[in-house]
Amino acid sequence: MAKRAFISGITGQDGSYLAEHLLDLNYEVHGLVRRVALEEPQRRLSRITHLLGRITLHPGSLESYASIFHIFSRYEFDEVYHLAAQSFVAESFADGFSTIQININGTHYILAALRELQPRAKFYFAGSSEMFGKPEEVPQRETTPFHPRSPYGISKVAGFHLTVNYREAYGMFCVNGMLFNHEGPRRGHEFVTRKVTSAVARIKLGLANELRLGNLDARRDWGHAADYVRAMHLMLQQPEPNDYVIATGETHSVQEFCELAFAEVGLAASDWVRVDERLLRPAEVNLLLGDASKARRVLGWKPTHTFRDLIVEMVRRDLALYSGGLERAADSVGTGLGPTTPPSALSR
Ligand code: NAP
Ligand code: GDD
């Protein structure tokens with residue numbers, strides 16, 4: 001019988017890639033979507049428009065225990081991937097209260113409802129390299145102490161500990177993915193990689209004339225989201241629950257990302273990038289570099305995209321998008337493009 005999986009955050013970058021991956025593996029895929037997404041499907045469901053005939057969507061919110069309990073009382077799941085979160089670090093400085101409320105309580109609601117209704121479901125928590133924040137060692141591995149630098153990072157540390165606690169206290173199969181930054185053409189436009197590649201495309205096409213950024217010296221270990229969702233699935237196929245760092249083992253600065261992205265269209269970043277101090281964060285995570293040797297050894301996981309591949313793919317997709325030549329709805333996020341949503345995909 002096909003396995004049944006539930007994905008919170010299915011409309012996000014990772015959720016869309018994970019849904020595709022699980023469908024390829026013949027899973028029955030269900031996802032949580034917010035009511036606003038149902039009311040504005042063309043834009044809010046655009047990353048998963050191409051999957052709508054093959055997945056079941058449940059209206060609900062991380063802010064409502066009742067909505068989560070209701071879904072888990074109707075369907076039994078083999079695997080639950082909890083990806084939904086307020087995921088933008090800068091926004092967590094602007095409104096730390098809502099980030100902490102959604103990310104910590106939302107994780108707790110899902111774990112508590114699972115414990116009550118289906119304690120044998122395997123649970124994945126989307127932990128983050130932001131938990132390391134101001135890291136005490138380089139590279140960061142599973143044993144590196146946490147030192148979060150933002151309300152977002154703090155919320156992920158709490159989610160990590162909730163996940164470990166449900167594993168230890170109730171014997172549930174709960175794992176933490178400690179994922180470093182991962183990107184791709186479906187990345188939200190607020191994150192720096194997509195902000196850069198979309199600006200490169202618009203500048204090249206004469207639609208913009210500068211790119212304003214904050215800290216160009218910040219360094220990240222950037223991988224491709226399609227590689228990272230494979231790791232999420234592998235973590236839930238192991239005989240025992242455990243926590244894993246997922247990273248490429250390379251670190252690059254925002255400046256380097258810009259230089260390669262502009263070079264891809266024959267331009268020089270220095271001619272177009274301006275530093276805007278208003279985009280600096282109150283506390284920065286300066287350097288992230290992950291050691292994924294445990295994942296490589298135990299899961300047999302390794303990344304397949306290079307840093308350069310990632311940038312080239314993102315720049316080319318944004319060029320196609322802004323010149324009106326993009327065909328795939330999944331890559332037209334935030335543009336209002338893409339076919340309408342068949343109501344049959346929505347479960348009530
Ligand atoms: P994303 O594109 O921002 O997607 C976030 C998802 O969470 C969206 O589906 C969003 O729904 C949903 N969501 C937000 N608030 C919600 C709420 N109150 N109720 C229900 N759903 C809600 O994020 P991502 O890049 O795919 O990341 C997935 C997860 O991995 C997140 O938890 C993120 O913090 C974590 N993570 C990401 C990275 C990375 O580099 N991408 C690295 C480490 C960890 P809407 O579409 O309705 O807004
Ligand atoms: N967003 C953004 N916009 N970031 C900028 C800008 C800008 O204009 N200018 C410089 N940066 C720098 C940020 O200060 C940060 O050091 C770096 O670029 C990356 O920022 P983001 O792309 O916003 O990602 P993030 O590293 O803060 O967070 C992402 O990765 C985490 C894993 O480490 C998100 O996906 C998180 O959800 C995830 O947990």
# chains A, B, ... in the order shown; residues from 1 in each chain; ligands from 1
$ residues_near_ligand --ligand "ligand 1" --cutoff "6 Å" --atoms "only C-alpha atoms and all ligand atoms" --output "ChimeraX atom specification"
/A:9-15,33-34,37,44,61-63,83-87,102,126-128,179-182,188
$ residues_near_ligand --ligand "ligand 2" --cutoff "7 Å" --atoms "only C-alpha atoms and all ligand atoms" --output "NGL selection string"
:A and (87-90 or 128-130 or 179-182 or 190-193 or 195 or 212-216 or 218-220 or 254 or 279-281 or 284-286)
$ residues_around --residues "Arg120 of chain A" --least-positions-apart "5" --cutoff "12 Å" --atoms "only C-alpha atoms" --output "PDB file with N, CA and C atoms, in the first residue's frame"
ATOM      1  N   GLU A  76      -4.925   9.080   8.899  1.00  0.00           N
ATOM      2  CA  GLU A  76      -3.704   8.576   9.550  1.00  0.00           C
ATOM      3  C   GLU A  76      -2.534   8.721   8.607  1.00  0.00           C
ATOM      4  N   PHE A  77      -1.424   9.199   9.126  1.00  0.00           N
ATOM      5  CA  PHE A  77      -0.250   9.437   8.286  1.00  0.00           C
ATOM      6  C   PHE A  77       0.913   8.547   8.726  1.00  0.00           C
ATOM      7  N   ASP A  78       1.665   8.066   7.719  1.00  0.00           N
ATOM      8  CA  ASP A  78       2.897   7.337   8.038  1.00  0.00           C
ATOM      9  C   ASP A  78       4.000   8.323   8.399  1.00  0.00           C
ATOM     10  N   GLU A  79       4.018   9.459   7.677  1.00  0.00           N
ATOM     11  CA  GLU A  79       5.102  10.424   7.860  1.00  0.00           C
ATOM     12  C   GLU A  79       4.533  11.844   7.878  1.00  0.00           C
ATOM     13  N   VAL A  80       5.020  12.652   8.808  1.00  0.00           N
ATOM     14  CA  VAL A  80       4.578  14.042   8.925  1.00  0.00           C
ATOM     15  C   VAL A  80       5.807  14.938   8.825  1.00  0.00           C
ATOM     16  N   LEU A 111       3.032  18.292  17.338  1.00  0.00           N
ATOM     17  CA  LEU A 111       3.545  17.171  18.137  1.00  0.00           C
ATOM     18  C   LEU A 111       2.489  16.669  19.129  1.00  0.00           C
ATOM     19  N   ALA A 113      -0.806  16.941  18.970  1.00  0.00           N
ATOM     20  CA  ALA A 113      -1.924  16.273  18.287  1.00  0.00           C
ATOM     21  C   ALA A 113      -1.501  14.882  17.816  1.00  0.00           C
ATOM     22  N   LEU A 114      -0.269  14.767  17.340  1.00  0.00           N
ATOM     23  CA  LEU A 114       0.222  13.450  16.908  1.00  0.00           C
ATOM     24  C   LEU A 114       0.299  12.497  18.095  1.00  0.00           C
ATOM     25  N   ARG A 115       0.811  12.992  19.197  1.00  0.00           N
ATOM     26  CA  ARG A 115       0.937  12.128  20.384  1.00  0.00           C
ATOM     27  C   ARG A 115      -0.439  11.603  20.801  1.00  0.00           C
ATOM     28  N   TYR A 166       9.751  15.077  22.678  1.00  0.00           N
ATOM     29  CA  TYR A 166       8.698  14.105  22.342  1.00  0.00           C
ATOM     30  C   TYR A 166       9.318  12.745  22.025  1.00  0.00           C
ATOM     31  N   ARG A 167      10.506  12.761  21.448  1.00  0.00           N
ATOM     32  CA  ARG A 167      11.205  11.484  21.176  1.00  0.00           C
ATOM     33  C   ARG A 167      11.562  10.788  22.488  1.00  0.00           C
ATOM     34  N   TYR A 170       8.083  10.325  25.020  1.00  0.00           N
ATOM     35  CA  TYR A 170       6.958   9.477  24.589  1.00  0.00           C
ATOM     36  C   TYR A 170       7.375   8.396  23.611  1.00  0.00           C
ATOM     37  N   GLY A 171       8.678   8.289  23.337  1.00  0.00           N
ATOM     38  CA  GLY A 171       9.161   7.222  22.450  1.00  0.00           C
ATOM     39  C   GLY A 171       8.713   7.399  21.014  1.00  0.00           C
ATOM     40  N   MET A 172       8.365   8.621  20.625  1.00  0.00           N
ATOM     41  CA  MET A 172       7.907   8.846  19.237  1.00  0.00           C
ATOM     42  C   MET A 172       9.106   8.959  18.294  1.00  0.00           C
ATOM     43  N   PHE A 173       8.862   8.633  17.013  1.00  0.00           N
ATOM     44  CA  PHE A 173       9.914   8.727  15.985  1.00  0.00           C
ATOM     45  C   PHE A 173       9.953  10.182  15.512  1.00  0.00           C
ATOM     46  N   CYS A 174      10.767  10.999  16.182  1.00  0.00           N
ATOM     47  CA  CYS A 174      10.825  12.431  15.886  1.00  0.00           C
ATOM     48  C   CYS A 174      12.255  12.791  15.534  1.00  0.00           C
TER      49      CYS A 174
END
$ select_by_dssp --residues "segment 83-221 of chain A" --states "alpha helix (DSSP H)" --output "VMD selection string"
chain A and resid 89 to 94 96 to 100 106 to 117 151 to 170 192 to 204
$ closest_atom_pairs --of "segment 234-267 of chain A" --to "segment 305-317 of chain A" --cutoff "12 Å" --atoms "only C-alpha atoms" --output "JSON lines"
{"residue": "A:Ala247", "atom": "CA", "partner": "A:His305", "partner_atom": "CA", "distance": 11.5}
{"residue": "A:Thr248", "atom": "CA", "partner": "A:Thr306", "partner_atom": "CA", "distance": 8.5}
{"residue": "A:Gly249", "atom": "CA", "partner": "A:Phe307", "partner_atom": "CA", "distance": 10.8}
{"residue": "A:Glu250", "atom": "CA", "partner": "A:Phe307", "partner_atom": "CA", "distance": 8.4}
{"residue": "A:Thr251", "atom": "CA", "partner": "A:Phe307", "partner_atom": "CA", "distance": 9.3}
{"residue": "A:His252", "atom": "CA", "partner": "A:Phe307", "partner_atom": "CA", "distance": 8.7}
{"residue": "A:Ser253", "atom": "CA", "partner": "A:Phe307", "partner_atom": "CA", "distance": 11.5}
{"residue": "A:Val254", "atom": "CA", "partner": "A:Ile311", "partner_atom": "CA", "distance": 11.9}
{"residue": "A:Glu256", "atom": "CA", "partner": "A:Phe307", "partner_atom": "CA", "distance": 10.4}
{"residue": "A:Phe257", "atom": "CA", "partner": "A:Ile311", "partner_atom": "CA", "distance": 7.5}
{"residue": "A:Cys258", "atom": "CA", "partner": "A:Ile311", "partner_atom": "CA", "distance": 9.2}
{"residue": "A:Glu259", "atom": "CA", "partner": "A:Ile311", "partner_atom": "CA", "distance": 10.3}
{"residue": "A:Leu260", "atom": "CA", "partner": "A:Ile311", "partner_atom": "CA", "distance": 7.3}
{"residue": "A:Ala261", "atom": "CA", "partner": "A:Ile311", "partner_atom": "CA", "distance": 6.0}
{"residue": "A:Phe262", "atom": "CA", "partner": "A:Val315", "partner_atom": "CA", "distance": 8.6}
{"residue": "A:Ala263", "atom": "CA", "partner": "A:Val312", "partner_atom": "CA", "distance": 9.8}
{"residue": "A:Glu264", "atom": "CA", "partner": "A:Val312", "partner_atom": "CA", "distance": 6.7}
{"residue": "A:Val265", "atom": "CA", "partner": "A:Val315", "partner_atom": "CA", "distance": 8.2}
{"residue": "A:Gly266", "atom": "CA", "partner": "A:Val315", "partner_atom": "CA", "distance": 11.8}
$ residues_around --residues "Leu299 of chain A" --least-positions-apart "2" --cutoff "8 Å" --atoms "only C-alpha atoms" --output "PyMOL selection string"
chain A and resi 231+234-235+238+294-297+301
$ residues_around --residues "Val175 of chain A" --least-positions-apart "6" --cutoff "7 Å" --atoms "only C-alpha atoms" --output "list in words"
Phe123, Tyr124, Phe125, Thr163, Pro241, Asn242 and Asp243 of chain A
$ closest_residue --among "A:Thr49, A:Thr107, A:Gln101, A:Ser198" --to "Leu321 of chain A" --atoms "only C-alpha atoms"
A:Ser198
$ residues_around --residues "Met1 of chain A" --least-positions-apart "2" --cutoff "10 Å" --atoms "only C-alpha atoms" --output "ChimeraX atom specification"
/A:3-4,26-28
$ residues_around --residues "Met232 of chain A" --least-positions-apart "4" --cutoff "7 Å" --atoms "only C-alpha atoms" --output "list in words"
Gly177, Tyr228 and Leu236 of chain A
$ write_last_selection --atoms "C-alpha atoms" --output "mmCIF file, in the first residue's frame"
data_model
loop_
_atom_site.group_PDB
_atom_site.id
_atom_site.type_symbol
_atom_site.label_atom_id
_atom_site.label_comp_id
_atom_site.auth_asym_id
_atom_site.auth_seq_id
_atom_site.Cartn_x
_atom_site.Cartn_y
_atom_site.Cartn_z
ATOM 1 C CA GLY A 177 16.865 18.215 10.145
ATOM 2 C CA TYR A 228 17.723 18.939 0.667
ATOM 3 C CA LEU A 236 12.386 9.170 8.170
#
$ select_by_dssp --residues "segment 89-335 of chain A" --states "strand (DSSP E)" --output "MDAnalysis selection string"
chainID A and resid 122:128 174:179 182:183 211:213 219:220 223:224 244:246 252:253 273:275
$ write_last_selection --atoms "N, CA and C atoms" --output "CSV table (one decimal), in the first residue's frame"
chain,number,residue,atom,x,y,z
A,122,LYS,N,5.8,9.0,11.9
A,122,LYS,CA,7.2,9.5,12.0
A,122,LYS,C,7.1,11.0,11.7
A,123,PHE,N,7.9,11.8,12.5
A,123,PHE,CA,7.8,13.3,12.5
A,123,PHE,C,9.1,13.9,12.1
A,124,TYR,N,9.1,14.8,11.1
A,124,TYR,CA,10.3,15.6,10.7
A,124,TYR,C,10.1,17.0,11.1
A,125,PHE,N,11.1,17.6,11.8
A,125,PHE,CA,11.1,19.0,12.1
A,125,PHE,C,12.1,19.8,11.3
A,126,ALA,N,11.7,20.9,10.7
A,126,ALA,CA,12.6,21.7,9.9
A,126,ALA,C,13.4,22.6,10.8
A,127,GLY,N,14.5,22.0,11.3
A,127,GLY,CA,15.4,22.8,12.1
A,127,GLY,C,16.3,23.6,11.1
A,128,SER,N,17.2,24.4,11.7
A,128,SER,CA,17.9,25.4,10.8
A,128,SER,C,19.3,25.6,11.3
A,174,CYS,N,10.8,11.0,16.2
A,174,CYS,CA,10.8,12.4,15.9
A,174,CYS,C,12.3,12.8,15.5
A,175,VAL,N,12.5,13.4,14.4
A,175,VAL,CA,13.8,13.8,14.0
A,175,VAL,C,13.9,15.3,13.7
A,176,ASN,N,15.1,15.8,13.9
A,176,ASN,CA,15.4,17.2,13.5
A,176,ASN,C,16.3,17.2,12.3
A,177,GLY,N,15.9,17.9,11.2
A,177,GLY,CA,16.9,18.2,10.1
A,177,GLY,C,17.5,19.5,10.5
A,178,MET,N,18.8,19.6,10.5
A,178,MET,CA,19.5,20.9,10.9
A,178,MET,C,20.0,21.4,9.5
A,179,LEU,N,19.1,22.0,8.8
A,179,LEU,CA,19.5,22.3,7.4
A,179,LEU,C,20.1,23.7,7.2
A,182,HIS,N,19.2,26.7,1.7
A,182,HIS,CA,19.0,26.0,0.4
A,182,HIS,C,18.0,26.8,-0.4
A,183,GLU,N,18.3,26.9,-1.6
A,183,GLU,CA,17.7,27.9,-2.5
A,183,GLU,C,17.2,27.2,-3.8
A,211,LEU,N,20.5,47.5,-7.3
A,211,LEU,CA,20.1,46.4,-6.4
A,211,LEU,C,20.6,46.9,-5.0
A,212,ARG,N,19.7,47.1,-4.1
A,212,ARG,CA,20.1,47.6,-2.7
A,212,ARG,C,20.1,46.4,-1.8
A,213,LEU,N,21.3,46.2,-1.2
A,213,LEU,CA,21.5,45.0,-0.2
A,213,LEU,C,22.0,45.5,1.1
A,219,ARG,N,28.5,35.2,5.2
A,219,ARG,CA,28.8,34.0,4.5
A,219,ARG,C,27.8,32.9,4.8
A,220,ARG,N,27.4,32.2,3.8
A,220,ARG,CA,26.4,31.1,3.9
A,220,ARG,C,26.9,29.8,3.2
A,223,GLY,N,23.0,25.5,-0.5
A,223,GLY,CA,22.7,24.3,-1.4
A,223,GLY,C,21.4,24.5,-2.2
A,224,HIS,N,21.0,23.4,-2.9
A,224,HIS,CA,19.8,23.5,-3.7
A,224,HIS,C,18.7,22.7,-3.0
A,244,TYR,N,20.2,15.4,12.1
A,244,TYR,CA,21.3,15.4,11.0
A,244,TYR,C,21.5,16.8,10.5
A,245,VAL,N,22.7,17.2,10.4
A,245,VAL,CA,23.1,18.4,9.6
A,245,VAL,C,23.1,18.1,8.1
A,246,ILE,N,22.5,19.0,7.4
A,246,ILE,CA,22.5,18.9,5.9
A,246,ILE,C,23.1,20.2,5.3
A,252,HIS,N,30.2,30.7,1.1
A,252,HIS,CA,30.4,31.8,0.1
A,252,HIS,C,29.8,33.1,0.7
A,253,SER,N,30.3,34.2,0.3
A,253,SER,CA,29.8,35.5,0.8
A,253,SER,C,28.6,36.0,-0.1
A,273,VAL,N,25.2,47.1,-7.6
A,273,VAL,CA,24.9,46.8,-6.2
A,273,VAL,C,25.2,48.1,-5.3
A,274,ARG,N,24.2,48.5,-4.5
A,274,ARG,CA,24.4,49.6,-3.5
A,274,ARG,C,24.2,49.0,-2.1
A,275,VAL,N,25.0,49.4,-1.1
A,275,VAL,CA,24.7,48.9,0.3
A,275,VAL,C,23.8,49.9,0.9
$ closest_residue --among "A:His161, A:Tyr322, A:Tyr81, A:Leu22" --to "Arg54 of chain A" --atoms "only C-alpha atoms"
A:Leu22
$ atom_distance --atom1 "atom CA of Val29 of chain A" --atom2 "atom CA of Asn105 of chain A"
24.0 Å
$ atom_distance --atom1 "atom CA of Asp276 of chain A" --atom2 "atom CA of Arg187 of chain A"
22.1 Å
$ closest_atom_pairs --of "segment 283-303 of chain A" --to "segment 139-145 of chain A" --cutoff "6 Å" --atoms "only C-alpha atoms" --output "JSON lines"
{"residue": "A:Leu289", "atom": "CA", "partner": "A:Pro139", "partner_atom": "CA", "distance": 5.0}
{"residue": "A:Gly290", "atom": "CA", "partner": "A:Gln140", "partner_atom": "CA", "distance": 4.9}
{"residue": "A:Asp291", "atom": "CA", "partner": "A:Arg141", "partner_atom": "CA", "distance": 5.3}
$ write_last_selection --atoms "all heavy atoms" --output "PDB file, in the first residue's frame"
ATOM      1  N   LEU A 289      28.871  27.330   7.963  1.00  0.00           N
ATOM      2  CA  LEU A 289      29.533  26.292   7.162  1.00  0.00           C
ATOM      3  C   LEU A 289      29.218  24.959   7.839  1.00  0.00           C
ATOM      4  O   LEU A 289      29.554  24.766   9.010  1.00  0.00           O
ATOM      5  CB  LEU A 289      31.049  26.531   7.130  1.00  0.00           C
ATOM      6  CG  LEU A 289      31.877  25.432   6.450  1.00  0.00           C
ATOM      7  CD1 LEU A 289      31.525  25.311   4.976  1.00  0.00           C
ATOM      8  CD2 LEU A 289      33.374  25.732   6.605  1.00  0.00           C
ATOM      9  N   GLY A 290      28.577  24.068   7.101  1.00  0.00           N
ATOM     10  CA  GLY A 290      28.110  22.833   7.726  1.00  0.00           C
ATOM     11  C   GLY A 290      28.995  21.633   7.421  1.00  0.00           C
ATOM     12  O   GLY A 290      29.604  21.554   6.354  1.00  0.00           O
ATOM     13  N   ASP A 291      28.990  20.705   8.366  1.00  0.00           N
ATOM     14  CA  ASP A 291      29.678  19.425   8.177  1.00  0.00           C
ATOM     15  C   ASP A 291      28.599  18.337   8.138  1.00  0.00           C
ATOM     16  O   ASP A 291      28.049  17.960   9.178  1.00  0.00           O
ATOM     17  CB  ASP A 291      30.647  19.186   9.339  1.00  0.00           C
ATOM     18  CG  ASP A 291      31.271  17.797   9.289  1.00  0.00           C
ATOM     19  OD1 ASP A 291      30.919  16.996   8.390  1.00  0.00           O
ATOM     20  OD2 ASP A 291      32.096  17.498  10.174  1.00  0.00           O
TER      21      ASP A 291
END
